[in-house]
Structure formats: structure tokens, C-alpha cells
Amino acid sequence: MIKKLFLALFFGIILLSVTIAAAKSVEQVHSRGWKAGLATIIITPEEPVWMAGYGIRDRPSEGILHDLWAKALALEDAQGNLIVLITTDLLGFPRKISNRIRDQLAIHYGLERSQIVLSSSHTHGGPVLMDALFDIYPFGPEHIEVIRRYSEDLEKKIVELTGKAIDSMVPAGLYSQNGVVRFQVNRRNNPVATLFRETELKGPIDHSVPVLKVTGPSGELMAVVFGYACHPTTLVGYQFSGDYAGFAQIEIERLHPGAVAMFFQGAGADMDPVPRRTIPLARQYGRELAAAVDRVLQEEMKELEPAIFTAYSEVDLMFSNPPGKEELTKLKNEETGYRQRWAANQLARLAEDQPLPSSYPYPVQIWKLGDQPIMILGGEVVVEYALELKKLFGYEIFVMGYANDVMSYIPSETVLQEGRYEGESAQMVYGMPATWEPGLQDKILNKFIKMARGTGSF
């Protein structure tokens with residue numbers, strides 16, 4: 001009897017010691033200064049609206065596969081420095097909408113450009129926004145009015161969402177790590193029609209899955225921020241959805257009840273999921289990506305010290321020689337579809353004495369959370385940018401594209417010289433006056449080097 005009492009007392013002490021140690025561990029993690037706040041809102045249109053991304057659609061949306069979301073994560077470090085990441089199931093923010101949202105965030109919450117990231121997943125299952133790729137869609141004035149209403153409401157929702165995330169901040173822990181998944185294919189080097197008989201993939205590619213884990217005051221999982229470099233173009237049709245990225249977020253939240261999953265697009269402009277075009281495939285890729293993220297969450301992750309550095313700049317990217325009035329008139333009279341609409345719109349500018357722009361202010365940004373750098377680029381960035389940035393700053397960095405302003409494709413020098421869609425004709429799709437002038441890759445990379453040197457911490 002005495003022996004049993006002794007054993008019970010012994011194991012009770014052990015259990016108490018383990019509990020105290022675990023509590024101290026959680027307390028240590030969350031006493032170092034991070035704070036985090038979250039907010040989410042459904043942004044699925046409430047009425048039929050033209051869908052973004054494909055010029056082949058000929059009518060507005062017809063139902064919902066799953067809801068579209070905007071999600072905001074506010075982070076504050078030990079010195080009170082604040083940043084806000086906003087992720088959305090959208091094709092991309094055009095500059096006018098992005099500027100209005102960021103201007104409102106400055107007015108209401110004192111946030112500078114460097115403290116804000118407006119991220120879009122680039123799903124082709126979301127709504128068209130005002131001033132975004134208008135030349136490729138064959139819609140009429142009545143459709144534009146619906147798009148205008150939706151866009152104005154979206155701007156208000158994102159501003160309010162940001163405020164809710166900031167107001168909800170609690171003590172937090174922050175961790176990072178890279179995973180891996182391999183369902184994307186470089187579409188420029190691997191024709192889909194013949195890929196089934198190939199035994200190896202060609203061309204540059206980035207299989208990394210960056211993961212940021214946010215834990216709450218008691219060590220509970222609050223949020224999972226993750227990315228992947230691949231076009232969300234598994235699906236084509238008329239139902240709203242976030243494509244594979246939407247299914248991945250749904251699956252992660254199913255695996256981790258109470259947590260918020262937030263997806264960001266990488267440098268995936270020349271990457272496609274292959275095979276594609278069915279809902280089961282979109283679900284499969286979503287589960288594959290979620291499984292890669294979940295594996296990282298279950299393994300040891302790098303704990304990040306509560307220190308934030310931010311930098312933001314805009315690079316003037318030059319256009320090559322724009323076409324003249326005579327060439328534009330010929331295109332308007334002889335072409336059809338988006339090429340004809342593009343030529344007509346360029347001529348309309350000239351008729352109103354608006355000179356075609358010679359350059360574009362391209363946004364680049366750095367966040368550094370503890371010792372985890374995140375390199376953030378606007379536009380549809382091809383994969384070579386991620387690979388070059390990793391050579392410069394280390395292979396564990398996170399690279400985010402499609403942020404703050406999605407104005408067109410951003411080709412590497414190789415892609416620009418080769419031309420084709422990503423290097424040439426996409427400029428018309430986006431309403432740009434001409435292709436980019438050579439040298440843009442060096443300009444962008446050199447700007448990152450300059451911003452990084454300015455911190456003294458790279």
C-alpha cells in the first residue's frame with residue numbers, strides 16, 4: 001500500500017513538473033513581444049458578374065463552387081512596428097484600386113506603403129475588377145456597372161477588414177519554414193499537348209512552399225500563411241472559386257479547426273498545374289498543397305524574433321517604342337477580339353491628347369520578420385525572379401508575386417527575348433502601350449539589393 005502511494009506521488013510530481021515546464025515554455029514563446037490579429041470576410045459577389053482571367057468567357061458568372069475570401073493578418077513586433085498582410089481570392093489588384101485602398105489605410109490607421117501587402121491568389125475563378133484587363137472581356141456597359149459596384153464595395157470591405165485585424169491583436173508566436181510540392185509545370189518549356197509522353201520536365205521551376213505559422217497566447221494555432229508558385233488555372237467555367245489555392249485553404253482549416261489559412265501566390269506567371277480542367281483535379285492539388293503545409297506545421301519550425309523591417313519602392317520600367325497612330329488604326333480595322341479593343345483604346349487616348357506612357361512605376365517591397373526575409377513583387381512575375389532572388393539572399397527566403405499592383409507580366413530577360421505570351425502579347429491583354437524595354441530584370445534585382453543594403457541586416 002505504501003509502495004502504491006509512493007508511486008502515485010512520484011508520478012504526480014513528474015506530471016506536475018512536465019505541466020509547469022510546458023507552461024513556462026509557452027510563456028517564454030509569447031513573452032517576447034509578437035502580437036497578431038486576424039479578420040476574414042466573404043467577398044463572393046452577391047449578383048452575377050463577369051469573371052476574371054479568361055478572354056473566352058462570353059457571359060457573367062453562374063453560381064458558386066466555394067466562397068471567395070479576403071483575410072487580414074496584423075503583426076506587431078516588440079518595438080511596436082506594425083504590418084498588415086491582406087490575402088484575397090482575386091485575379092489581382094489594379095493600381096487604381098490598390099492605391100485607393102492603401103491611401104485609406106494610411107488615413108485610418110497610419111499605415112505606410114511599406115507596412116501593407118495587398119496579395120491576390122490570381123484565381124481565374126473570381127470577379128473582374130474595375131480597370132483590370134478590360135480589353136480582353138467582351139462585355140457591355142451594363143456589365144461594367146455591376147463590376148463598378150462590386151469593386152467599390154470591395155475597397156470598403158478591405159479597409160474595414162484591416163481595422164478589425166488590428167483591433168484584435170493578442171500576444172503571439174511566429175515561426176517559418178519551407179516545404180515542397182510538385183504539381184506545377186513550366187508551361188513555356190513543356191507543351192501540355194505532348195507532356196503525357198515526356199519522361200522529364202524542362203525549364204526553370206520552384207517547388208518551394210513557404211509557410212508562416214502564427215500561434216496564440218496559449219500556443220494554439222491561430223493562422224497559417226503559405227504560398228506556391230503556380231497559376232490557379234485548374235478550372236475554367238462560370239462558378240466562383242479560389243481554384244486549387246481555395247481548396248488548399250479549406251483543407252488546412254479542416255485539418256486545424258479554429259485556424260485561419262491564408263494563401264499567397266509566388267513567382268508563378270509561367271507555371272501551370274498539369275493536368276487540369278476538372279474539379280476533382282483542383283481538389284487534388286488543393287489537398288496536395290495542404291498536405292505539404294501540414295507536414296511543415298508538424299515538424300520543427302524556425303522561431304522568429306519579434307523584429308520587423310519593411311521597405312517599399314517603385315522602379316520605373318520603360319516601355320519599348322509604342323506603335324504610332326497609323327499602326328494602331330490598321331490593327332483596329334484588321335484585328336478582332338482583344339487586339340482590336342486594345343488598338344481602339346490606345347487610339348482613344350491619343351484622340352484625347354493623352355500621350356501613351358513611356359514607363360510604369362513597378363512596386364517592389366521587402367519584409368523581414370525576425371531573420372525571415374520576404375521579397376514581394378508586383379505583377380505576374382515569372383519564376384526566374386524567385387530563383388535569382390534566392391541566389392542573392394538565400395534559398396530560405398519567401399518570394400511573393402502578384403502583390404499591390406498586377407499591371408502585366410514581368411518577364412525575365414530570357415522570356416522577354418523569346419517573346420510569345422508572357423514576353424509580348426500579354427502586354428496587349430493588360431492594356432499596356434508596348435512591350436517592356438530590355439534591362440527590366442537587372443533594374444528590379446538591383447533595387448532589391450539596394451533596399452536590402454539599406455537595412456544593414458542582410
# chains A, B, ... in the order shown; residues from 1 in each chain; ligands from 1

$ residues_around --residues "Pro138 (chain A)" --least-positions-apart "6" --cutoff "12 Å" --atoms "only C-alpha atoms" --output "list of chain:residue names"
A:Trp50, A:Met51, A:Ala52, A:Tyr54, A:Gly55, A:Ile56, A:Arg57, A:Asp58, A:Arg59, A:Pro60, A:Ile144, A:Thr336, A:Gly337, A:Tyr338, A:Arg339, A:Gln340, A:Arg341, A:Trp342

$ residues_around --residues "region 196-202 of chain A" --least-positions-apart "2" --cutoff "12 Å" --atoms "only C-alpha atoms" --output "list of chain:residue names"
A:Arg182, A:Phe183, A:Gln184, A:Val185, A:Asn186, A:Arg187, A:Arg188, A:Asn189, A:Asn190, A:Pro191, A:Val192, A:Ala193, A:Thr194, A:Pro204, A:Ile205, A:Met271, A:Val274, A:Pro275

$ closest_residue --among "A:Ala72, A:Leu369, A:Met130, A:Ala165" --to "Val117 (chain A)" --atoms "only C-alpha atoms"
A:Ala72

$ select_by_dssp --residues "region 243-423 of chain A" --states "strand (DSSP E)" --output "PyMOL selection string"
chain A and resi 260-265+271-273+302-303+308-318+359-369+372-377+380-381+398-400+409-410

$ select_by_dssp --residues "region 363-416 of chain A" --states "alpha helix (DSSP H)" --output "PyMOL selection string"
chain A and resi 383-393+413-416

$ write_last_selection --atoms "N, CA and C atoms" --output "PDB file, in the first residue's frame"
ATOM      1  N   VAL A 383       9.122  32.734 -62.949  1.00  0.00           N
ATOM      2  CA  VAL A 383       9.830  32.009 -61.898  1.00  0.00           C
ATOM      3  C   VAL A 383      11.299  32.392 -61.782  1.00  0.00           C
ATOM      4  N   GLU A 384      11.911  32.870 -62.860  1.00  0.00           N
ATOM      5  CA  GLU A 384      13.333  33.207 -62.794  1.00  0.00           C
ATOM      6  C   GLU A 384      13.626  34.283 -61.754  1.00  0.00           C
ATOM      7  N   TYR A 385      12.664  35.143 -61.457  1.00  0.00           N
ATOM      8  CA  TYR A 385      12.881  36.159 -60.427  1.00  0.00           C
ATOM      9  C   TYR A 385      13.059  35.513 -59.055  1.00  0.00           C
ATOM     10  N   ALA A 386      12.253  34.517 -58.754  1.00  0.00           N
ATOM     11  CA  ALA A 386      12.404  33.821 -57.474  1.00  0.00           C
ATOM     12  C   ALA A 386      13.768  33.146 -57.390  1.00  0.00           C
ATOM     13  N   LEU A 387      14.171  32.502 -58.470  1.00  0.00           N
ATOM     14  CA  LEU A 387      15.446  31.785 -58.465  1.00  0.00           C
ATOM     15  C   LEU A 387      16.618  32.745 -58.316  1.00  0.00           C
ATOM     16  N   GLU A 388      16.560  33.897 -58.982  1.00  0.00           N
ATOM     17  CA  GLU A 388      17.646  34.871 -58.873  1.00  0.00           C
ATOM     18  C   GLU A 388      17.675  35.523 -57.496  1.00  0.00           C
ATOM     19  N   LEU A 389      16.513  35.822 -56.940  1.00  0.00           N
ATOM     20  CA  LEU A 389      16.459  36.397 -55.591  1.00  0.00           C
ATOM     21  C   LEU A 389      17.007  35.424 -54.550  1.00  0.00           C
ATOM     22  N   LYS A 390      16.749  34.135 -54.738  1.00  0.00           N
ATOM     23  CA  LYS A 390      17.274  33.142 -53.804  1.00  0.00           C
ATOM     24  C   LYS A 390      18.792  33.017 -53.924  1.00  0.00           C
ATOM     25  N   LYS A 391      19.331  33.175 -55.121  1.00  0.00           N
ATOM     26  CA  LYS A 391      20.789  33.187 -55.277  1.00  0.00           C
ATOM     27  C   LYS A 391      21.396  34.373 -54.527  1.00  0.00           C
ATOM     28  N   LEU A 392      20.698  35.509 -54.545  1.00  0.00           N
ATOM     29  CA  LEU A 392      21.205  36.714 -53.906  1.00  0.00           C
ATOM     30  C   LEU A 392      21.055  36.705 -52.390  1.00  0.00           C
ATOM     31  N   PHE A 393      19.925  36.218 -51.908  1.00  0.00           N
ATOM     32  CA  PHE A 393      19.590  36.398 -50.493  1.00  0.00           C
ATOM     33  C   PHE A 393      19.425  35.100 -49.699  1.00  0.00           C
ATOM     34  N   GLU A 413      14.748  38.559 -68.614  1.00  0.00           N
ATOM     35  CA  GLU A 413      15.355  38.944 -69.887  1.00  0.00           C
ATOM     36  C   GLU A 413      15.218  37.811 -70.915  1.00  0.00           C
ATOM     37  N   THR A 414      15.361  36.571 -70.445  1.00  0.00           N
ATOM     38  CA  THR A 414      15.230  35.419 -71.351  1.00  0.00           C
ATOM     39  C   THR A 414      13.837  35.357 -71.949  1.00  0.00           C
ATOM     40  N   VAL A 415      12.828  35.473 -71.093  1.00  0.00           N
ATOM     41  CA  VAL A 415      11.444  35.407 -71.572  1.00  0.00           C
ATOM     42  C   VAL A 415      11.120  36.596 -72.469  1.00  0.00           C
ATOM     43  N   LEU A 416      11.635  37.772 -72.129  1.00  0.00           N
ATOM     44  CA  LEU A 416      11.394  38.956 -72.948  1.00  0.00           C
ATOM     45  C   LEU A 416      11.963  38.771 -74.356  1.00  0.00           C
TER      46      LEU A 416
END

$ atom_distance --atom1 "CA of Thr40 (chain A)" --atom2 "CA of Lys164 (chain A)"
8.8 Å

$ closest_residue --among "A:Val315, A:Leu68, A:Leu161, A:Leu174" --to "Gln249 (chain A)" --atoms "only C-alpha atoms"
A:Leu68

$ closest_residue --among "A:Asn404, A:Ser241, A:Ser151, A:Gln372" --to "Pro306 (chain A)" --atoms "only C-alpha atoms"
A:Gln372

$ residues_around --residues "Trp367 (chain A)" --least-positions-apart "3" --cutoff "8 Å" --atoms "only C-alpha atoms" --output "PyMOL selection string"
chain A and resi 308-311+373-376

$ residues_around --residues "Arg148 (chain A)" --least-positions-apart "6" --cutoff "10 Å" --atoms "only C-alpha atoms" --output "PyMOL selection string"
chain A and resi 128-131+154

$ write_last_selection --atoms "N, CA and C atoms" --output "CSV table (one decimal), in the first residue's frame"
chain,number,residue,atom,x,y,z
A,128,VAL,N,-14.2,40.1,-62.2
A,128,VAL,CA,-13.4,41.2,-62.8
A,128,VAL,C,-13.5,42.4,-61.9
A,129,LEU,N,-12.4,43.2,-61.8
A,129,LEU,CA,-12.4,44.4,-61.0
A,129,LEU,C,-12.3,45.6,-62.0
A,130,MET,N,-12.7,46.8,-61.6
A,130,MET,CA,-12.6,47.9,-62.4
A,130,MET,C,-11.1,48.2,-62.8
A,131,ASP,N,-10.9,48.6,-64.1
A,131,ASP,CA,-9.6,49.0,-64.6
A,131,ASP,C,-8.6,47.8,-64.6
A,154,LEU,N,-15.8,46.3,-52.5
A,154,LEU,CA,-14.6,45.5,-52.1
A,154,LEU,C,-13.6,46.4,-51.4

$ residues_around --residues "Leu350 (chain A)" --least-positions-apart "5" --cutoff "12 Å" --atoms "only C-alpha atoms" --output "VMD selection string"
chain A and resid 322 to 326 328 to 329 343 to 345 355 to 357 433

$ residues_around --residues "region 32-37 of chain A" --least-positions-apart "6" --cutoff "9 Å" --atoms "only C-alpha atoms" --output "PyMOL selection string"
chain A and resi 72-80+164-174+214-216+222+305-307

$ write_last_selection --atoms "C-alpha atoms" --output "mmCIF file, in the first residue's frame"
data_model
loop_
_atom_site.group_PDB
_atom_site.id
_atom_site.type_symbol
_atom_site.label_atom_id
_atom_site.label_comp_id
_atom_site.auth_asym_id
_atom_site.auth_seq_id
_atom_site.Cartn_x
_atom_site.Cartn_y
_atom_site.Cartn_z
ATOM 1 C CA ALA A 72 -6.082 40.092 -42.977
ATOM 2 C CA LEU A 73 -3.192 39.330 -40.618
ATOM 3 C CA ALA A 74 -1.838 42.197 -38.498
ATOM 4 C CA LEU A 75 1.570 41.672 -36.862
ATOM 5 C CA GLU A 76 3.304 43.906 -34.317
ATOM 6 C CA ASP A 77 6.858 43.432 -33.031
ATOM 7 C CA ALA A 78 8.431 44.213 -29.642
ATOM 8 C CA GLN A 79 9.076 47.833 -30.674
ATOM 9 C CA GLY A 80 5.504 48.422 -31.806
ATOM 10 C CA LYS A 164 -10.708 44.548 -37.358
ATOM 11 C CA ALA A 165 -7.420 42.652 -37.639
ATOM 12 C CA ILE A 166 -5.504 45.468 -35.911
ATOM 13 C CA ASP A 167 -8.093 45.767 -33.145
ATOM 14 C CA SER A 168 -7.974 42.016 -32.420
ATOM 15 C CA MET A 169 -4.233 41.698 -31.761
ATOM 16 C CA VAL A 170 -3.134 39.382 -28.922
ATOM 17 C CA PRO A 171 0.268 38.011 -27.768
ATOM 18 C CA ALA A 172 1.564 35.589 -30.377
ATOM 19 C CA GLY A 173 4.403 33.386 -31.567
ATOM 20 C CA LEU A 174 5.783 33.374 -35.115
ATOM 21 C CA VAL A 214 1.181 32.132 -36.066
ATOM 22 C CA THR A 215 0.311 30.828 -32.611
ATOM 23 C CA GLY A 216 -1.865 32.456 -29.974
ATOM 24 C CA MET A 222 -4.062 30.993 -34.990
ATOM 25 C CA GLU A 305 12.343 37.037 -33.025
ATOM 26 C CA PRO A 306 9.840 39.914 -32.699
ATOM 27 C CA ALA A 307 11.533 42.395 -35.020
#

$ closest_residue --among "A:Ile136, A:His122, A:Glu334, A:Pro94" --to "Tyr362 (chain A)" --atoms "only C-alpha atoms"
A:Pro94

$ residues_around --residues "Tyr360 (chain A)" --least-positions-apart "2" --cutoff "12 Å" --atoms "only C-alpha atoms" --output "PyMOL selection string"
chain A and resi 95+314-320+356-358+362-363+378-379+405-408+410+432-437+440

$ closest_residue --among "A:Glu418, A:Glu62, A:Glu300, A:Asp243" --to "Leu281 (chain A)" --atoms "only C-alpha atoms"
A:Asp243

$ closest_atom_pairs --of "region 28-137 of chain A" --to "region 264-268 of chain A" --cutoff "12 Å" --atoms "only C-alpha atoms" --output "Markdown table"
| residue | atom | partner | partner_atom | distance |
| --- | --- | --- | --- | --- |
| A:Ala70 | CA | A:Phe264 | CA | 11.5 |
| A:Lys71 | CA | A:Phe264 | CA | 10.9 |
| A:Ala72 | CA | A:Phe264 | CA | 11.9 |
| A:Leu85 | CA | A:Phe264 | CA | 9.8 |
| A:Ile86 | CA | A:Phe264 | CA | 9.3 |
| A:Thr87 | CA | A:Phe264 | CA | 6.5 |
| A:Thr88 | CA | A:Phe264 | CA | 8.2 |
| A:Asp89 | CA | A:Phe264 | CA | 9.4 |
| A:Leu90 | CA | A:Gln265 | CA | 10.8 |
| A:Leu91 | CA | A:Gln265 | CA | 10.3 |
| A:Gly92 | CA | A:Gln265 | CA | 10.3 |
| A:Val117 | CA | A:Phe264 | CA | 10.4 |
| A:Leu118 | CA | A:Phe264 | CA | 9.8 |
| A:Ser119 | CA | A:Phe264 | CA | 6.3 |
| A:Ser120 | CA | A:Phe264 | CA | 6.6 |
| A:Ser121 | CA | A:Gln265 | CA | 5.1 |
| A:His122 | CA | A:Gln265 | CA | 7.0 |
| A:Thr123 | CA | A:Gln265 | CA | 9.5 |
